[in-house]
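Visitor: Pasting data21.cif below, which is mmCIF, N, CA and C atoms and all ligand atoms.
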```cif
data_entry
#
loop_
_atom_site.label_atom_id
_atom_site.label_comp_id
_atom_site.auth_asym_id
_atom_site.auth_seq_id
_atom_site.Cartn_x
_atom_site.Cartn_y
_atom_site.Cartn_z
N MET A 1198 0.84 -1.20 0.00
CA MET A 1198 0.00 0.00 0.00
C MET A 1198 0.87 1.24 0.00
N GLY A 1199 1.68 1.39 -1.02
CA GLY A 1199 2.57 2.54 -1.08
C GLY A 1199 1.80 3.85 -1.10
N SER A 1200 0.64 3.84 -1.74
CA SER A 1200 -0.10 5.09 -1.87
C SER A 1200 -0.59 5.58 -0.51
N LEU A 1201 -1.01 4.63 0.35
CA LEU A 1201 -1.47 5.04 1.68
C LEU A 1201 -0.30 5.61 2.46
N ARG A 1202 0.86 4.94 2.36
CA ARG A 1202 2.00 5.45 3.10
C ARG A 1202 2.36 6.86 2.63
N GLU A 1203 2.30 7.09 1.33
CA GLU A 1203 2.56 8.44 0.83
C GLU A 1203 1.53 9.43 1.34
N ALA A 1204 0.27 8.98 1.38
CA ALA A 1204 -0.78 9.88 1.86
C ALA A 1204 -0.54 10.22 3.32
N VAL A 1205 -0.11 9.23 4.11
CA VAL A 1205 0.15 9.48 5.53
C VAL A 1205 1.32 10.44 5.67
N ALA A 1206 2.35 10.22 4.85
CA ALA A 1206 3.54 11.06 4.96
C ALA A 1206 3.24 12.49 4.55
N SER A 1207 2.33 12.65 3.58
CA SER A 1207 2.13 13.99 3.04
C SER A 1207 1.03 14.76 3.76
N VAL A 1208 0.24 14.08 4.62
CA VAL A 1208 -0.83 14.82 5.26
C VAL A 1208 -0.24 15.73 6.34
N ASP A 1209 -0.81 16.90 6.43
CA ASP A 1209 -0.35 17.86 7.42
C ASP A 1209 -1.19 17.66 8.68
N VAL A 1210 -0.59 17.03 9.70
CA VAL A 1210 -1.39 16.73 10.90
C VAL A 1210 -1.69 17.98 11.72
N THR A 1211 -1.10 19.12 11.33
CA THR A 1211 -1.50 20.35 12.01
C THR A 1211 -2.77 20.92 11.39
N ASP A 1212 -3.22 20.32 10.29
CA ASP A 1212 -4.49 20.71 9.68
C ASP A 1212 -5.52 19.64 10.07
N PRO A 1213 -6.35 19.91 11.08
CA PRO A 1213 -7.24 18.88 11.59
C PRO A 1213 -8.19 18.33 10.53
N VAL A 1214 -8.65 19.18 9.62
CA VAL A 1214 -9.62 18.70 8.63
C VAL A 1214 -8.96 17.68 7.69
N ALA A 1215 -7.75 17.98 7.25
CA ALA A 1215 -7.04 17.04 6.37
C ALA A 1215 -6.70 15.76 7.13
N HIS A 1216 -6.29 15.92 8.38
CA HIS A 1216 -5.97 14.77 9.22
C HIS A 1216 -7.22 13.91 9.41
N GLY A 1217 -8.36 14.56 9.67
CA GLY A 1217 -9.60 13.83 9.88
C GLY A 1217 -10.03 13.06 8.64
N ARG A 1218 -9.84 13.68 7.48
CA ARG A 1218 -10.22 13.00 6.23
C ARG A 1218 -9.39 11.73 6.06
N LEU A 1219 -8.11 11.83 6.37
CA LEU A 1219 -7.23 10.67 6.26
C LEU A 1219 -7.65 9.58 7.25
N LEU A 1220 -7.92 9.98 8.48
CA LEU A 1220 -8.31 9.01 9.50
C LEU A 1220 -9.62 8.32 9.13
N PHE A 1221 -10.49 9.03 8.48
CA PHE A 1221 -11.79 8.46 8.11
C PHE A 1221 -11.58 7.21 7.26
N GLY A 1222 -10.60 7.25 6.36
CA GLY A 1222 -10.29 6.07 5.57
C GLY A 1222 -9.46 5.05 6.34
N LYS A 1223 -8.51 5.55 7.10
CA LYS A 1223 -7.53 4.68 7.76
C LYS A 1223 -8.10 3.94 8.96
N ARG A 1224 -9.07 4.51 9.66
CA ARG A 1224 -9.54 3.90 10.90
C ARG A 1224 -10.89 3.20 10.75
N GLY A 1225 -11.24 2.90 9.53
CA GLY A 1225 -12.39 2.02 9.32
C GLY A 1225 -13.73 2.70 9.15
N CYS A 1226 -13.80 4.01 9.33
CA CYS A 1226 -15.08 4.71 9.20
C CYS A 1226 -15.68 4.47 7.80
N ALA A 1227 -14.80 4.51 6.80
CA ALA A 1227 -15.24 4.37 5.41
C ALA A 1227 -15.75 2.96 5.12
N GLY A 1228 -15.51 2.02 6.03
CA GLY A 1228 -16.01 0.67 5.85
C GLY A 1228 -17.50 0.57 6.12
N CYS A 1229 -18.06 1.56 6.80
CA CYS A 1229 -19.48 1.53 7.15
C CYS A 1229 -20.26 2.73 6.62
N HIS A 1230 -19.58 3.85 6.42
CA HIS A 1230 -20.29 5.09 6.08
C HIS A 1230 -20.01 5.55 4.66
N ALA A 1231 -21.03 6.12 4.03
CA ALA A 1231 -20.82 6.84 2.78
C ALA A 1231 -20.50 8.29 3.11
N LEU A 1232 -19.52 8.84 2.43
CA LEU A 1232 -19.17 10.25 2.59
C LEU A 1232 -18.37 10.67 1.37
N ALA A 1233 -18.99 11.49 0.52
CA ALA A 1233 -18.36 11.86 -0.75
C ALA A 1233 -17.00 12.51 -0.53
N ALA A 1234 -16.89 13.36 0.50
CA ALA A 1234 -15.65 14.10 0.73
C ALA A 1234 -14.48 13.18 1.09
N ALA A 1235 -14.79 11.94 1.46
CA ALA A 1235 -13.73 10.99 1.77
C ALA A 1235 -13.73 9.83 0.77
N ASP A 1236 -14.45 9.99 -0.34
CA ASP A 1236 -14.56 8.94 -1.35
C ASP A 1236 -15.07 7.63 -0.76
N ALA A 1237 -15.96 7.73 0.22
CA ALA A 1237 -16.48 6.53 0.89
C ALA A 1237 -17.90 6.25 0.42
N THR A 1238 -18.20 4.97 0.23
CA THR A 1238 -19.50 4.60 -0.35
C THR A 1238 -20.22 3.48 0.40
N ALA A 1239 -19.75 3.15 1.62
CA ALA A 1239 -20.37 2.02 2.34
C ALA A 1239 -21.75 2.42 2.87
N THR A 1240 -22.59 1.41 3.08
CA THR A 1240 -23.98 1.71 3.46
C THR A 1240 -24.41 1.01 4.75
N LEU A 1241 -23.48 0.54 5.55
CA LEU A 1241 -23.86 -0.11 6.82
C LEU A 1241 -24.29 0.91 7.87
N GLY A 1242 -23.72 2.07 7.82
CA GLY A 1242 -24.08 3.15 8.75
C GLY A 1242 -24.73 4.28 7.99
N PRO A 1243 -25.16 5.33 8.71
CA PRO A 1243 -25.79 6.48 8.04
C PRO A 1243 -24.82 7.16 7.06
N ASN A 1244 -25.40 7.71 6.00
CA ASN A 1244 -24.65 8.55 5.08
C ASN A 1244 -24.26 9.84 5.83
N LEU A 1245 -22.99 10.23 5.73
CA LEU A 1245 -22.51 11.38 6.52
C LEU A 1245 -22.30 12.64 5.67
N ASP A 1246 -22.81 12.65 4.44
CA ASP A 1246 -22.60 13.82 3.57
C ASP A 1246 -23.09 15.12 4.19
N GLN A 1247 -24.19 15.05 4.95
CA GLN A 1247 -24.78 16.27 5.53
C GLN A 1247 -24.76 16.21 7.05
N VAL A 1248 -23.81 15.46 7.59
CA VAL A 1248 -23.89 15.18 9.04
C VAL A 1248 -23.86 16.46 9.88
N ALA A 1249 -23.14 17.49 9.41
CA ALA A 1249 -23.04 18.71 10.21
C ALA A 1249 -24.33 19.53 10.17
N ALA A 1250 -25.18 19.22 9.21
CA ALA A 1250 -26.48 19.90 9.17
C ALA A 1250 -27.42 19.31 10.23
N ARG A 1251 -27.16 18.07 10.64
CA ARG A 1251 -28.00 17.42 11.65
C ARG A 1251 -27.41 17.49 13.04
N LEU A 1252 -26.07 17.40 13.14
CA LEU A 1252 -25.42 17.25 14.44
C LEU A 1252 -24.44 18.39 14.71
N ALA A 1253 -24.47 18.89 15.95
CA ALA A 1253 -23.47 19.85 16.41
C ALA A 1253 -22.16 19.10 16.64
N ALA A 1254 -21.07 19.85 16.73
CA ALA A 1254 -19.76 19.22 16.91
C ALA A 1254 -19.75 18.30 18.13
N SER A 1255 -20.40 18.73 19.22
CA SER A 1255 -20.39 17.92 20.44
C SER A 1255 -21.12 16.59 20.21
N ASP A 1256 -22.14 16.61 19.36
CA ASP A 1256 -22.88 15.36 19.08
C ASP A 1256 -22.08 14.46 18.13
N ILE A 1257 -21.34 15.06 17.22
CA ILE A 1257 -20.48 14.27 16.34
C ILE A 1257 -19.44 13.55 17.19
N ARG A 1258 -18.86 14.31 18.10
CA ARG A 1258 -17.85 13.74 18.99
C ARG A 1258 -18.45 12.59 19.81
N ARG A 1259 -19.64 12.80 20.32
CA ARG A 1259 -20.27 11.77 21.14
C ARG A 1259 -20.61 10.53 20.30
N SER A 1260 -20.97 10.76 19.04
CA SER A 1260 -21.26 9.62 18.16
C SER A 1260 -20.04 8.73 17.97
N ILE A 1261 -18.86 9.33 18.03
CA ILE A 1261 -17.63 8.56 17.82
C ILE A 1261 -17.23 7.83 19.12
N LEU A 1262 -17.39 8.51 20.23
CA LEU A 1262 -16.93 7.95 21.51
C LEU A 1262 -17.98 7.08 22.19
N GLU A 1263 -19.25 7.41 21.99
CA GLU A 1263 -20.34 6.66 22.61
C GLU A 1263 -21.43 6.36 21.58
N PRO A 1264 -21.10 5.54 20.59
CA PRO A 1264 -22.12 5.26 19.57
C PRO A 1264 -23.32 4.59 20.21
N GLY A 1265 -24.47 4.83 19.62
CA GLY A 1265 -25.68 4.26 20.20
C GLY A 1265 -26.30 5.16 21.25
N SER A 1266 -25.59 6.24 21.64
CA SER A 1266 -26.15 7.15 22.63
C SER A 1266 -27.28 7.98 22.02
N GLN A 1267 -27.30 8.02 20.69
CA GLN A 1267 -28.42 8.65 19.99
C GLN A 1267 -28.90 7.64 18.96
N VAL A 1268 -30.17 7.68 18.70
CA VAL A 1268 -30.67 6.73 17.71
C VAL A 1268 -30.56 7.37 16.33
N ALA A 1269 -29.70 6.84 15.51
CA ALA A 1269 -29.57 7.33 14.14
C ALA A 1269 -30.18 6.28 13.22
N LYS A 1270 -30.69 6.75 12.09
CA LYS A 1270 -31.23 5.81 11.12
C LYS A 1270 -30.34 5.78 9.90
N CYS A 1271 -30.43 4.70 9.17
CA CYS A 1271 -29.67 4.55 7.94
C CYS A 1271 -30.68 4.63 6.81
N GLY A 1272 -30.91 5.83 6.32
CA GLY A 1272 -31.97 6.02 5.33
C GLY A 1272 -33.30 5.78 6.01
N ASP A 1273 -34.15 5.00 5.37
CA ASP A 1273 -35.48 4.72 5.92
C ASP A 1273 -35.47 3.50 6.82
N GLN A 1274 -34.31 2.85 6.94
CA GLN A 1274 -34.28 1.57 7.63
C GLN A 1274 -33.46 1.64 8.90
N PRO A 1275 -33.69 0.70 9.80
CA PRO A 1275 -32.78 0.57 10.93
C PRO A 1275 -31.40 0.18 10.40
N CYS A 1276 -30.35 0.58 11.08
CA CYS A 1276 -29.01 0.27 10.59
C CYS A 1276 -28.73 -1.22 10.66
N ARG A 1277 -27.93 -1.69 9.71
CA ARG A 1277 -27.63 -3.11 9.64
C ARG A 1277 -26.34 -3.46 10.39
N ALA A 1278 -25.74 -2.47 11.03
CA ALA A 1278 -24.50 -2.74 11.76
C ALA A 1278 -24.53 -1.93 13.05
N GLN A 1279 -23.69 -2.29 13.96
CA GLN A 1279 -23.52 -1.48 15.16
C GLN A 1279 -22.16 -0.83 15.10
N MET A 1280 -22.11 0.44 15.38
CA MET A 1280 -20.84 1.14 15.36
C MET A 1280 -20.05 0.81 16.63
N PRO A 1281 -18.77 0.46 16.48
CA PRO A 1281 -17.94 0.22 17.66
C PRO A 1281 -17.60 1.54 18.34
N SER A 1282 -17.40 1.52 19.64
CA SER A 1282 -16.93 2.72 20.33
C SER A 1282 -15.45 2.95 20.02
N TYR A 1283 -15.09 4.19 19.80
CA TYR A 1283 -13.69 4.52 19.57
C TYR A 1283 -13.02 5.10 20.81
N THR A 1284 -13.71 5.02 21.95
CA THR A 1284 -13.09 5.44 23.20
C THR A 1284 -11.88 4.55 23.49
N GLY A 1285 -10.73 5.15 23.70
CA GLY A 1285 -9.52 4.38 23.97
C GLY A 1285 -8.86 3.82 22.72
N VAL A 1286 -9.52 3.96 21.58
CA VAL A 1286 -8.98 3.47 20.31
C VAL A 1286 -8.31 4.63 19.57
N LEU A 1287 -9.00 5.76 19.55
CA LEU A 1287 -8.45 6.98 18.96
C LEU A 1287 -7.98 7.89 20.10
N ASP A 1288 -6.88 8.59 19.87
CA ASP A 1288 -6.47 9.55 20.90
C ASP A 1288 -7.22 10.88 20.69
N GLU A 1289 -7.02 11.79 21.62
CA GLU A 1289 -7.77 13.04 21.61
C GLU A 1289 -7.55 13.83 20.31
N THR A 1290 -6.30 13.85 19.84
CA THR A 1290 -6.00 14.57 18.61
C THR A 1290 -6.78 13.99 17.43
N GLN A 1291 -6.90 12.68 17.41
CA GLN A 1291 -7.60 12.01 16.32
C GLN A 1291 -9.11 12.25 16.39
N VAL A 1292 -9.66 12.22 17.62
CA VAL A 1292 -11.09 12.49 17.77
C VAL A 1292 -11.39 13.93 17.33
N GLU A 1293 -10.53 14.86 17.74
CA GLU A 1293 -10.69 16.26 17.34
C GLU A 1293 -10.62 16.41 15.82
N ALA A 1294 -9.69 15.71 15.20
CA ALA A 1294 -9.50 15.83 13.75
C ALA A 1294 -10.73 15.28 13.02
N LEU A 1295 -11.21 14.12 13.43
CA LEU A 1295 -12.40 13.55 12.79
C LEU A 1295 -13.60 14.46 12.98
N THR A 1296 -13.73 15.02 14.16
CA THR A 1296 -14.85 15.93 14.43
C THR A 1296 -14.75 17.17 13.55
N ALA A 1297 -13.54 17.72 13.42
CA ALA A 1297 -13.35 18.92 12.59
C ALA A 1297 -13.69 18.62 11.13
N PHE A 1298 -13.26 17.45 10.67
CA PHE A 1298 -13.55 17.07 9.28
C PHE A 1298 -15.05 16.90 9.08
N LEU A 1299 -15.71 16.18 10.00
CA LEU A 1299 -17.14 15.93 9.83
C LEU A 1299 -17.96 17.20 9.98
N GLN A 1300 -17.44 18.13 10.77
CA GLN A 1300 -18.14 19.40 10.95
C GLN A 1300 -18.23 20.21 9.65
N GLN A 1301 -17.35 19.90 8.71
CA GLN A 1301 -17.39 20.59 7.41
C GLN A 1301 -18.48 20.03 6.50
N GLN A 1302 -19.06 18.88 6.88
CA GLN A 1302 -19.93 18.17 5.94
C GLN A 1302 -21.37 18.64 6.13
N ARG A 1303 -21.76 19.58 5.32
CA ARG A 1303 -23.13 20.10 5.40
C ARG A 1303 -23.64 20.45 4.03
C1 LIG B 1 -19.17 -1.25 11.87
C2 LIG B 1 -19.71 -0.09 11.17
C3 LIG B 1 -19.27 1.30 11.60
C4 LIG B 1 -18.00 1.82 11.71
C5 LIG B 1 -16.67 1.10 11.51
C6 LIG B 1 -18.14 3.22 12.02
N1 LIG B 1 -19.47 3.55 12.11
FE1 LIG B 1 -20.24 5.36 12.53
N2 LIG B 1 -22.11 4.58 12.64
C7 LIG B 1 -22.44 3.27 12.34
C8 LIG B 1 -23.87 3.06 12.62
C9 LIG B 1 -24.63 1.75 12.43
C10 LIG B 1 -24.36 4.30 13.08
C11 LIG B 1 -25.82 4.63 13.51
C12 LIG B 1 -26.10 4.17 14.92
C13 LIG B 1 -25.35 4.99 15.92
O1 LIG B 1 -25.44 6.23 15.90
O2 LIG B 1 -24.63 4.39 16.74
C14 LIG B 1 -23.23 5.23 13.07
C15 LIG B 1 -23.32 6.57 13.42
C16 LIG B 1 -22.31 7.50 13.25
C17 LIG B 1 -22.46 8.93 13.40
C18 LIG B 1 -23.77 9.64 13.72
C19 LIG B 1 -24.52 9.85 12.42
C20 LIG B 1 -25.90 10.47 12.58
O3 LIG B 1 -26.47 10.81 11.55
O4 LIG B 1 -26.39 10.59 13.70
C21 LIG B 1 -21.24 9.49 13.15
C22 LIG B 1 -20.89 10.97 13.18
C23 LIG B 1 -20.32 8.41 12.86
N3 LIG B 1 -21.01 7.22 12.93
C24 LIG B 1 -18.98 8.58 12.57
C25 LIG B 1 -18.08 7.53 12.46
C26 LIG B 1 -16.64 7.69 12.41
C27 LIG B 1 -15.92 9.03 12.44
C28 LIG B 1 -16.10 6.44 12.34
C29 LIG B 1 -14.64 6.04 12.34
C30 LIG B 1 -13.83 6.54 13.43
C31 LIG B 1 -17.21 5.49 12.30
N4 LIG B 1 -18.38 6.19 12.38
C32 LIG B 1 -17.08 4.11 12.19
C33 LIG B 1 -21.58 2.30 11.86
C34 LIG B 1 -20.19 2.39 11.86
#
```
What do you get writing this file as C-alpha cells?
Guide:
Amino acid sequence: MGSLREAVASVDVTDPVAHGRLLFGKRGCAGCHALAAADATATLGPNLDQVAARLAASDIRRSILEPGSQVAKCGDQPCRAQMPSYTGVLDETQVEALTAFLQQQR
C-alpha cells in the first residue's frame, strides 16, 4: 500500500480537517459510512454527507466515543451494523480531527 504510506507522509497533521479526512479512511469509518468528501460509499451506517447539518460538533464527537447514545437511522431503515466505540482506540488529537472534518460536511 505505497499510496497510503505516501498519503500518511504527506498529510499535514497540524491541519485537523485534512488529518480527519485521512483518519476516516484509515480507521475504518469508510467501511461503514458513505461520505463523498472521503470517497467513501459504504452503506452499513448512516450517510454522513450532511452530518453537520443534523449534528453539532459535540454530538459528532459523542457519536464517535459513545455510539448508540443517539438513535440514528440509515436512510429509511434501521441500521444493519452497530458502530464500535472509539473510546480508547483513537487519541484526543484524532477524535478532534475527525470531528473537525465531519463538521465541514453540510
Ligand atoms: C461497523 C460499522 C461502523 C463503523 C466502523 C463506524 N461507524 Fe459510525 N455509525 C455506524 C452506525 C450503524 C451508526 C448509527 C447508529 C449509531 O449512531 O450508533 C453510526 C453513526 C455514526 C455517526 C452519527 C450519524 C448520525 O447521523 O447521527 C457518526 C458521526 C459516525 N457514525 C462517525 C463515524 C466515524 C468518524 C467512524 C470512524 C472513526 C465510524 N463512524 C465508524 C456504523 C459504523
Visitor: Please, which residues have at least one atom within 9 Å of an atom of ligand LIG 1 (chain B), using only C-alpha atoms and all ligand atoms, listed as a count of residues only?
Guide: 56
Visitor: Using DSSP on the backbone coordinates, identify all residues within chain A classified as helix (DSSP H, G or I); present the result as a ChimeraX atom specification.
Guide: /A:1199-1207,1213-1223,1226-1228,1233-1235,1248-1251,1254-1262,1289-1300
Visitor: Next, write the just-selected residues to a file, as a short mmCIF file (atom, residue, chain, number, x, y, z; two decimals), in the coordinates of the input, keeping N, CA and C atoms as the atom set.
Guide:
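The resulting file, part_7.cif, is shown below:
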```
data_model
loop_
_atom_site.label_atom_id
_atom_site.label_comp_id
_atom_site.auth_asym_id
_atom_site.auth_seq_id
_atom_site.Cartn_x
_atom_site.Cartn_y
_atom_site.Cartn_z
N GLY A 1199 1.68 1.39 -1.02
CA GLY A 1199 2.57 2.54 -1.08
C GLY A 1199 1.80 3.85 -1.10
N SER A 1200 0.64 3.84 -1.74
CA SER A 1200 -0.10 5.09 -1.87
C SER A 1200 -0.59 5.58 -0.51
N LEU A 1201 -1.01 4.63 0.35
CA LEU A 1201 -1.47 5.04 1.68
C LEU A 1201 -0.30 5.61 2.46
N ARG A 1202 0.86 4.94 2.36
CA ARG A 1202 2.00 5.45 3.10
C ARG A 1202 2.36 6.86 2.63
N GLU A 1203 2.30 7.09 1.33
CA GLU A 1203 2.56 8.44 0.83
C GLU A 1203 1.53 9.43 1.34
N ALA A 1204 0.27 8.98 1.38
CA ALA A 1204 -0.78 9.88 1.86
C ALA A 1204 -0.54 10.22 3.32
N VAL A 1205 -0.11 9.23 4.11
CA VAL A 1205 0.15 9.48 5.53
C VAL A 1205 1.32 10.44 5.67
N ALA A 1206 2.35 10.22 4.85
CA ALA A 1206 3.54 11.06 4.96
C ALA A 1206 3.24 12.49 4.55
N SER A 1207 2.33 12.65 3.58
CA SER A 1207 2.13 13.99 3.04
C SER A 1207 1.03 14.76 3.76
N PRO A 1213 -6.35 19.91 11.08
CA PRO A 1213 -7.24 18.88 11.59
C PRO A 1213 -8.19 18.33 10.53
N VAL A 1214 -8.65 19.18 9.62
CA VAL A 1214 -9.62 18.70 8.63
C VAL A 1214 -8.96 17.68 7.69
N ALA A 1215 -7.75 17.98 7.25
CA ALA A 1215 -7.04 17.04 6.37
C ALA A 1215 -6.70 15.76 7.13
N HIS A 1216 -6.29 15.92 8.38
CA HIS A 1216 -5.97 14.77 9.22
C HIS A 1216 -7.22 13.91 9.41
N GLY A 1217 -8.36 14.56 9.67
CA GLY A 1217 -9.60 13.83 9.88
C GLY A 1217 -10.03 13.06 8.64
N ARG A 1218 -9.84 13.68 7.48
CA ARG A 1218 -10.22 13.00 6.23
C ARG A 1218 -9.39 11.73 6.06
N LEU A 1219 -8.11 11.83 6.37
CA LEU A 1219 -7.23 10.67 6.26
C LEU A 1219 -7.65 9.58 7.25
N LEU A 1220 -7.92 9.98 8.48
CA LEU A 1220 -8.31 9.01 9.50
C LEU A 1220 -9.62 8.32 9.13
N PHE A 1221 -10.49 9.03 8.48
CA PHE A 1221 -11.79 8.46 8.11
C PHE A 1221 -11.58 7.21 7.26
N GLY A 1222 -10.60 7.25 6.36
CA GLY A 1222 -10.29 6.07 5.57
C GLY A 1222 -9.46 5.05 6.34
N LYS A 1223 -8.51 5.55 7.10
CA LYS A 1223 -7.53 4.68 7.76
C LYS A 1223 -8.10 3.94 8.96
N CYS A 1226 -13.80 4.01 9.33
CA CYS A 1226 -15.08 4.71 9.20
C CYS A 1226 -15.68 4.47 7.80
N ALA A 1227 -14.80 4.51 6.80
CA ALA A 1227 -15.24 4.37 5.41
C ALA A 1227 -15.75 2.96 5.12
N GLY A 1228 -15.51 2.02 6.03
CA GLY A 1228 -16.01 0.67 5.85
C GLY A 1228 -17.50 0.57 6.12
N ALA A 1233 -18.99 11.49 0.52
CA ALA A 1233 -18.36 11.86 -0.75
C ALA A 1233 -17.00 12.51 -0.53
N ALA A 1234 -16.89 13.36 0.50
CA ALA A 1234 -15.65 14.10 0.73
C ALA A 1234 -14.48 13.18 1.09
N ALA A 1235 -14.79 11.94 1.46
CA ALA A 1235 -13.73 10.99 1.77
C ALA A 1235 -13.73 9.83 0.77
N VAL A 1248 -23.81 15.46 7.59
CA VAL A 1248 -23.89 15.18 9.04
C VAL A 1248 -23.86 16.46 9.88
N ALA A 1249 -23.14 17.49 9.41
CA ALA A 1249 -23.04 18.71 10.21
C ALA A 1249 -24.33 19.53 10.17
N ALA A 1250 -25.18 19.22 9.21
CA ALA A 1250 -26.48 19.90 9.17
C ALA A 1250 -27.42 19.31 10.23
N ARG A 1251 -27.16 18.07 10.64
CA ARG A 1251 -28.00 17.42 11.65
C ARG A 1251 -27.41 17.49 13.04
N ALA A 1254 -21.07 19.85 16.73
CA ALA A 1254 -19.76 19.22 16.91
C ALA A 1254 -19.75 18.30 18.13
N SER A 1255 -20.40 18.73 19.22
CA SER A 1255 -20.39 17.92 20.44
C SER A 1255 -21.12 16.59 20.21
N ASP A 1256 -22.14 16.61 19.36
CA ASP A 1256 -22.88 15.36 19.08
C ASP A 1256 -22.08 14.46 18.13
N ILE A 1257 -21.34 15.06 17.22
CA ILE A 1257 -20.48 14.27 16.34
C ILE A 1257 -19.44 13.55 17.19
N ARG A 1258 -18.86 14.31 18.10
CA ARG A 1258 -17.85 13.74 18.99
C ARG A 1258 -18.45 12.59 19.81
N ARG A 1259 -19.64 12.80 20.32
CA ARG A 1259 -20.27 11.77 21.14
C ARG A 1259 -20.61 10.53 20.30
N SER A 1260 -20.97 10.76 19.04
CA SER A 1260 -21.26 9.62 18.16
C SER A 1260 -20.04 8.73 17.97
N ILE A 1261 -18.86 9.33 18.03
CA ILE A 1261 -17.63 8.56 17.82
C ILE A 1261 -17.23 7.83 19.12
N LEU A 1262 -17.39 8.51 20.23
CA LEU A 1262 -16.93 7.95 21.51
C LEU A 1262 -17.98 7.08 22.19
N GLU A 1289 -7.02 11.79 21.62
CA GLU A 1289 -7.77 13.04 21.61
C GLU A 1289 -7.55 13.83 20.31
N THR A 1290 -6.30 13.85 19.84
CA THR A 1290 -6.00 14.57 18.61
C THR A 1290 -6.78 13.99 17.43
N GLN A 1291 -6.90 12.68 17.41
CA GLN A 1291 -7.60 12.01 16.32
C GLN A 1291 -9.11 12.25 16.39
N VAL A 1292 -9.66 12.22 17.62
CA VAL A 1292 -11.09 12.49 17.77
C VAL A 1292 -11.39 13.93 17.33
N GLU A 1293 -10.53 14.86 17.74
CA GLU A 1293 -10.69 16.26 17.34
C GLU A 1293 -10.62 16.41 15.82
N ALA A 1294 -9.69 15.71 15.20
CA ALA A 1294 -9.50 15.83 13.75
C ALA A 1294 -10.73 15.28 13.02
N LEU A 1295 -11.21 14.12 13.43
CA LEU A 1295 -12.40 13.55 12.79
C LEU A 1295 -13.60 14.46 12.98
N THR A 1296 -13.73 15.02 14.16
CA THR A 1296 -14.85 15.93 14.43
C THR A 1296 -14.75 17.17 13.55
N ALA A 1297 -13.54 17.72 13.42
CA ALA A 1297 -13.35 18.92 12.59
C ALA A 1297 -13.69 18.62 11.13
N PHE A 1298 -13.26 17.45 10.67
CA PHE A 1298 -13.55 17.07 9.28
C PHE A 1298 -15.05 16.90 9.08
N LEU A 1299 -15.71 16.18 10.00
CA LEU A 1299 -17.14 15.93 9.83
C LEU A 1299 -17.96 17.20 9.98
N GLN A 1300 -17.44 18.13 10.77
CA GLN A 1300 -18.14 19.40 10.95
C GLN A 1300 -18.23 20.21 9.65
#
```
Visitor: Could you state the separation of atom C of A:Ala1237 and atom CA of A:Gly1285 in Å, given to one decimal place?
Guide: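 Between atom C of A:Ala1237 and atom CA of A:Gly1285 the gap works out to 25.1 Å.
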Visitor: Please, what distance in Å, to one decimal, runs between atom CA of A:Pro1213 and atom CA of A:Ala1297?
Guide: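 A separation of 6.2 Å between them.
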Visitor: Closest to A:Leu1219 among A:Leu1232, A:Ala1254, A:Ala1239, A:Ala1294, using only C-alpha atoms?
Guide: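 Smallest distance to A:Leu1219 is found for A:Ala1294.
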Visitor: Expressed in Å to a single decimal, how great is the separation between atom CA of A:Val1208 and atom CA of A:Asp1236?
Guide: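 Going from atom CA of A:Val1208 over to atom CA of A:Asp1236 covers 16.3 Å.
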Visitor: Output as a list in words all residues of chain A that backbone DSSP marks as strand (DSSP E or B).
Guide: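 Checking each residue of chain A, the strand (DSSP E or B) ones are Ala1231, Leu1232, Ala1237, Thr1238, Cys1271, Gln1274, Thr1284 and Leu1287 of chain A.
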Visitor: Adding 6 Å on each side of the box along x, y and z that holds all listed atoms of stretch 1270-1275 of chain A, could you give its centre and edge lengths in Å to one decimal, as AutoDock Vina command-line options?
Guide:
```
--center_x -32.6 --center_y 3.5 --center_z 8.7 --size_x 17.8 --size_y 18.6 --size_z 18.8
```
